[in-house]
Amino acid sequence: MSFFSTTFIDWLDSHAQQIDQESCDVANQLVERIAAEGAFRVGVPESLGGLGGSHQDVIEVLAELAEHSLTAAFASWGQRTLIDNILHAEQDYFKTHYLEKLLSGAYSGGTALSNAVKFLSNLEELNVQVIEKDGEYVLKGRLPWVTNVREDHFVAIFVAGFEDQSREPIVVAIPSETPKLTRSQDLEFVALQGANTAALTFNQVPLQEEWIISHDAKQFLAQNRPAFLGYQFGLAFGLAKKSLSEVEASLAKRSVLKEEWQAQKEALASIKTELFDGLRDYDYFVAHPKELFQLRIDIVDVVAQSLLLELQAGGGRGYFSHSTSGFIRRWNEGAFLPIVSPSAVQLRHILSGA
């Protein structure tokens, strides 16, 4: 059963190619249109304006979006992950002032925690520093890649480290109207161009205490990592499902592919079961993160194999520039999944103990 209305799905299907390839007005409408369907309220307590539900329900919503547009699903992943972070913040400032704006899509939400994930895995340094200037703390640095930050109104979340290392790194959320915070033009990608991805530069932004989501970034990220990574599976689940459904429609003439198609369907179902079982006992993946990492690596392989099968099932017709199959868009979308942070290579690096 579809979560989204037929009207919305028809709109998304008709604009999927455009928001994949262009920074455009339609892309700027995306978050608000998804919000109007109630998507960001799934998994949020009713007492806070949500619809209730579980992490698994959130993933199902993201997966349905990804069947039609990975751009829509990726922007929604950023939105919904930021909302989840705010729900677990140490203080209520963003819940009080911005939660409803994020649930309604009036503000877009950029989850810029990939740098922090790499930092905590000893893969790179933090991009934003907290420095003391004239008796107050200011933020200085640059986040080179933040998705779902519209030019008008957004909130972005990231981790900043103290320049003098006097304190542990902190998790900070910052609204777009903050002085001395600048947004670049959209970065230029081969796909997902309409996801409002830009760089954010902090030009000695005075740090406000109410912006601090957590004073202990390491613990906060460890506790929230199952949702951060788990929601990403929705992108892969939806894309793989759509691709395999396209293969299934061609099996009458491509029966030689049936065994491989069945194998990928079973692999997809198995990963989904393992993920949902782990999220049902939420603390399980907190205590066993490497199992979650391996599942994330495995689902990337399933998507790649599913797309390859779709190419073989469709043959040359999907390779024409004016083809209506959507295959080339999905092919380009699929190329993004191994590199979205934390990337498959970074996770393999962690699992290898290197």
# chains A, B, ... in the order shown; residues from 1 in each chain; ligands from 1

call {"tool": "residues_around", "arguments": {"residues": "Glu291 in chain A", "least_positions_apart": "6", "cutoff": "12 Å", "atoms": "only C-alpha atoms", "output": "list in words"}}
result
Pro226, Leu229, Gly230, Ile271, Glu274, Leu275, Asp277, Gly278, Leu279, Tyr284, Phe285, Ile297, Asp298, Leu347, Arg348, Ile350 and Leu351 of chain A

call {"tool": "residues_around", "arguments": {"residues": "Phe119 in chain A", "least_positions_apart": "3", "cutoff": "12 Å", "atoms": "only C-alpha atoms", "output": "list in words"}}
result
Leu113, Ser114, Asn115, Ala116, Asn122, Leu123, Glu124, Glu125, Leu126, Asn127, Val128, Phe158, Val159, Ala160, Gly161, Pro169, Ala217, Lys218, Leu221, Ser341, Pro342, Gln346 and Ile350 of chain A

call {"tool": "closest_residue", "arguments": {"among": "A:Gly135, A:Pro175, A:Gly110, A:Gly234", "to": "His55 in chain A", "atoms": "only C-alpha atoms"}}
result
A:Gly234

call {"tool": "residues_around", "arguments": {"residues": "range 18-28 of chain A", "least_positions_apart": "2", "cutoff": "6 Å", "atoms": "only C-alpha atoms", "output": "PyMOL selection string"}}
result
chain A and resi 15-16+30+191-194

call {"tool": "residues_around", "arguments": {"residues": "range 242-253 of chain A", "least_positions_apart": "6", "cutoff": "8 Å", "atoms": "only C-alpha atoms", "output": "list in words"}}
result
Glu67, His68, Trp261, Lys265, Ser306, Leu307, Leu309, Glu310, Ala313, Gly314 and Arg330 of chain A

call {"tool": "residues_around", "arguments": {"residues": "Trp145 in chain A", "least_positions_apart": "6", "cutoff": "12 Å", "atoms": "only C-alpha atoms", "output": "number ranges by chain"}}
result
A: 110-115, 127, 156, 158, 183-189, 195-201, 340-341

call {"tool": "closest_atom_pairs", "arguments": {"of": "range 12-40 of chain A", "to": "range 79-100 of chain A", "cutoff": "9 Å", "atoms": "only C-alpha atoms", "output": "Markdown table"}}
result
| residue | atom | partner | partner_atom | distance |
| --- | --- | --- | --- | --- |
| A:Val31 | CA | A:Gln79 | CA | 8.2 |
| A:Ala39 | CA | A:Arg80 | CA | 8.8 |
| A:Phe40 | CA | A:Arg80 | CA | 5.9 |

call {"tool": "write_last_selection", "arguments": {"atoms": "N, CA and C atoms", "output": "short mmCIF file (atom, residue, chain, number, x, y, z; two decimals), in the first residue's frame"}}
result
data_model
loop_
_atom_site.label_atom_id
_atom_site.label_comp_id
_atom_site.auth_asym_id
_atom_site.auth_seq_id
_atom_site.Cartn_x
_atom_site.Cartn_y
_atom_site.Cartn_z
N VAL A 31 10.86 19.52 -0.98
CA VAL A 31 10.71 19.21 0.44
C VAL A 31 9.32 19.58 0.94
N ALA A 39 5.07 13.00 5.19
CA ALA A 39 6.18 12.04 5.22
C ALA A 39 7.14 12.25 6.39
N PHE A 40 7.42 13.50 6.72
CA PHE A 40 8.42 13.76 7.76
C PHE A 40 7.85 13.59 9.16
#

call {"tool": "residues_around", "arguments": {"residues": "range 56-59 of chain A", "least_positions_apart": "3", "cutoff": "7 Å", "atoms": "only C-alpha atoms", "output": "PyMOL selection string"}}
result
chain A and resi 42-43+53+62-63+231+233-234+276

call {"tool": "select_by_dssp", "arguments": {"residues": "range 179-296 of chain A", "states": "helix (DSSP H, G or I)", "output": "number ranges by chain"}}
result
A: 193-195, 209-211, 217-248, 255-280, 283-287, 289-296
